[in-house]
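First up is the structure itself, then whatever we jot down about it.
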Amino acid sequence: MFFLKEGFLGAKAPLFLDLVTIYFAILPILFGISILFAVKKMYKIHFISQSTLLATTVIFVIFFEIYIRMIGGFTELTKDETGLYFYFLISILSIHIIIAFLTVLCWFYLYITTYRIYKQEGIKAIEIKRHRKIGKLVFDGLITSCYMGVMIYILIFLA
Ligand code: HEM
């Protein structure tokens, strides 16, 4: 299987994990750029970039889930770890999964509700504090979950 071959980052991780890790490392930067478009009142580009990022992220999560199941999941990756370090990894992973899940849920919620408001009442109606507030919350959640993911990669393959 092509994506199960050794990756190119030199960490001896499978290729799919290298690709997913790189994507999640740059996602907060792309997300920040999309928010900058909103700050600069370039709402059409803000909308297009949000739609693209949400769709791409869903594709990467599905891609990751399929291949991680194929290799036997997290337990297979950490089978050589023992004692406290194993429990440390499990704790970090659990927190990471909870934050990532809630973040994507909020992201979907904001996207769908904003799109509805936009269709029914126009772009002016979105200029309410709530959109800005939840948007920033999603941004914080994304930064936390993405860099925790990168940290887990480093802890398993490089530390
Ligand atoms: C249907 C898609 C979307 C549309 C049409 C849209 C439109 C807008 C508009 C009109 C504003 C300006 C609001 C204001 O002046 O207070 C705005 C700001 C913002 N949007 Fe969106 N948005 C969309 C999706 C999203 C999503 C999914 C996020 C993040 C998850 C997001 C994050 C933000 C943030 C953080 C701001 C505040 C920027 C600032 O500080 O001025 N937006 N958006």
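The chains in the structure tokens are called A, B, ... from first to last as shown; in each chain the residues are counted from 1, and the ligands are counted from 1 in the order shown.
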| said: So that I can check the surroundings of Leu102 of chain A, please list as a ChimeraX atom specification every protein, DNA and RNA residue that reaches within 10 Å of it, counting only C-alpha atoms and ignoring chain neighbours fewer than 6 positions away. | reply: /A:108,138,141-142,145
Kindly export the residues of the current selection with N, CA and C atoms, as an mmCIF file, in the first residue's frame.
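After the write, again.cif holds the following:
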data_model
loop_
_atom_site.group_PDB
_atom_site.id
_atom_site.type_symbol
_atom_site.label_atom_id
_atom_site.label_comp_id
_atom_site.auth_asym_id
_atom_site.auth_seq_id
_atom_site.Cartn_x
_atom_site.Cartn_y
_atom_site.Cartn_z
ATOM 1 N N PHE A 108 -18.274 23.217 12.161
ATOM 2 C CA PHE A 108 -19.431 22.876 11.334
ATOM 3 C C PHE A 108 -20.638 23.738 11.712
ATOM 4 N N VAL A 138 -13.107 28.715 17.631
ATOM 5 C CA VAL A 138 -12.720 27.621 16.734
ATOM 6 C C VAL A 138 -11.236 27.739 16.390
ATOM 7 N N GLY A 141 -9.236 26.513 19.311
ATOM 8 C CA GLY A 141 -9.347 25.056 19.405
ATOM 9 C C GLY A 141 -8.510 24.372 18.342
ATOM 10 N N LEU A 142 -8.496 24.963 17.144
ATOM 11 C CA LEU A 142 -7.750 24.396 16.023
ATOM 12 C C LEU A 142 -6.243 24.473 16.280
ATOM 13 N N SER A 145 -5.518 21.799 19.021
ATOM 14 C CA SER A 145 -5.574 20.389 18.598
ATOM 15 C C SER A 145 -4.528 20.070 17.525
#
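Close contacts of segment 25-30 of chain A, defined as residues with an atom at most 8 Å away when counting only C-alpha atoms, with chain neighbours fewer than 5 positions off set aside, comprise Leu53, Phe139, Leu142, Ile143, Cys146, Tyr147 and Val150 of chain A.
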The selected residues should be written to file as a tab-separated table (two decimals), in the first residue's frame (atoms: C-alpha atoms).
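Saved the output as again_9.tsv:
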chain	number	residue	atom	x	y	z
A	53	LEU	CA	-10.42	24.56	4.55
A	139	PHE	CA	-9.38	29.21	15.84
A	142	LEU	CA	-7.75	24.40	16.02
A	143	ILE	CA	-4.36	25.78	17.09
A	146	CYS	CA	-3.29	20.75	15.54
A	147	TYR	CA	-0.13	21.42	17.54
A	150	VAL	CA	2.18	17.45	15.86
Sorted by chain and rising residue number, which residues of chain A lie within 6 Å of ligand 1, and what are their closest atom pairs and distances in Å to one decimal, counting only C-alpha atoms and all ligand atoms, as a Markdown table?
| residue | atom | partner | partner_atom_place_in_ligand_line | distance |
| --- | --- | --- | --- | --- |
| A:Ile35 | CA | ligand 1 | 34 (C) | 5.3 |
| A:Ala38 | CA | ligand 1 | 18 (C) | 4.7 |
| A:Val39 | CA | ligand 1 | 41 (O) | 3.9 |
| A:Tyr43 | CA | ligand 1 | 10 (C) | 5.5 |
| A:Phe47 | CA | ligand 1 | 3 (C) | 4.6 |
| A:Gln50 | CA | ligand 1 | 27 (C) | 5.5 |
| A:Trp107 | CA | ligand 1 | 30 (C) | 4.7 |
| A:Leu110 | CA | ligand 1 | 27 (C) | 5.3 |
| A:Tyr111 | CA | ligand 1 | 27 (C) | 4.2 |
| A:Thr114 | CA | ligand 1 | 1 (C) | 4.8 |
| A:Tyr115 | CA | ligand 1 | 1 (C) | 3.8 |
| A:Tyr118 | CA | ligand 1 | 5 (C) | 5.9 |
| A:Ile123 | CA | ligand 1 | 10 (C) | 5.3 |
| A:Ile126 | CA | ligand 1 | 10 (C) | 5.0 |
| A:Glu127 | CA | ligand 1 | 14 (C) | 3.8 |
| A:Ile128 | CA | ligand 1 | 16 (O) | 5.2 |
| A:Lys129 | CA | ligand 1 | 16 (O) | 5.8 |
| A:Arg132 | CA | ligand 1 | 37 (C) | 4.1 |
| A:Gly135 | CA | ligand 1 | 32 (C) | 3.8 |
| A:Lys136 | CA | ligand 1 | 35 (C) | 4.4 |
| A:Val138 | CA | ligand 1 | 30 (C) | 5.1 |
| message | Taking only chain A into account, list the residues labelled alpha helix (DSSP H) by DSSP (computed from the backbone), as number ranges by chain. | response | A: 15-39, 43-70, 73-77, 83-121, 129-157
| request: Within 12 Å of Ile98 of chain A, counting only C-alpha atoms, which residues show up once you throw out same-chain ones fewer than 3 positions away? Write them as a list of chain:residue names, please. | output: A:Ser91, A:Ile92, A:Leu93, A:Ser94, A:Ile95, A:Phe101, A:Leu102, A:Thr103, A:Val104, A:Leu105, A:Gly141, A:Leu142, A:Thr144, A:Ser145, A:Met148, A:Gly149
So that I can check the surroundings of segment 12-21 of chain A, please list as an mmCIF file with C-alpha atoms, in the first residue's frame every protein, DNA and RNA residue that reaches within 8 Å of it, counting only C-alpha atoms and ignoring chain neighbours fewer than 4 positions away.
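Output contents, as saved in selection_8.cif:
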data_model
loop_
_atom_site.group_PDB
_atom_site.id
_atom_site.type_symbol
_atom_site.label_atom_id
_atom_site.label_comp_id
_atom_site.auth_asym_id
_atom_site.auth_seq_id
_atom_site.Cartn_x
_atom_site.Cartn_y
_atom_site.Cartn_z
ATOM 1 C CA PHE A 2 1.541 3.295 -1.153
ATOM 2 C CA PHE A 3 0.564 5.456 1.835
ATOM 3 C CA LEU A 4 1.776 2.826 4.312
ATOM 4 C CA LYS A 5 5.375 3.014 2.996
ATOM 5 C CA GLU A 6 7.967 4.872 5.036
ATOM 6 C CA GLY A 7 7.463 8.652 4.937
ATOM 7 C CA PHE A 8 9.870 11.358 3.837
ATOM 8 C CA ALA A 25 0.930 21.879 11.088
ATOM 9 C CA PHE A 60 -7.659 14.630 5.670
ATOM 10 C CA PHE A 64 -6.142 9.577 8.464
ATOM 11 C CA TYR A 67 -5.073 4.398 7.305
ATOM 12 C CA GLY A 149 -1.257 16.362 17.072
ATOM 13 C CA VAL A 150 2.185 17.452 15.861
ATOM 14 C CA TYR A 153 3.894 12.646 16.228
ATOM 15 C CA PHE A 157 8.532 8.929 16.336
#
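The space between atom CA of Ile152 of chain A and atom CA of Lys133 of chain A spans 28.7 Å.
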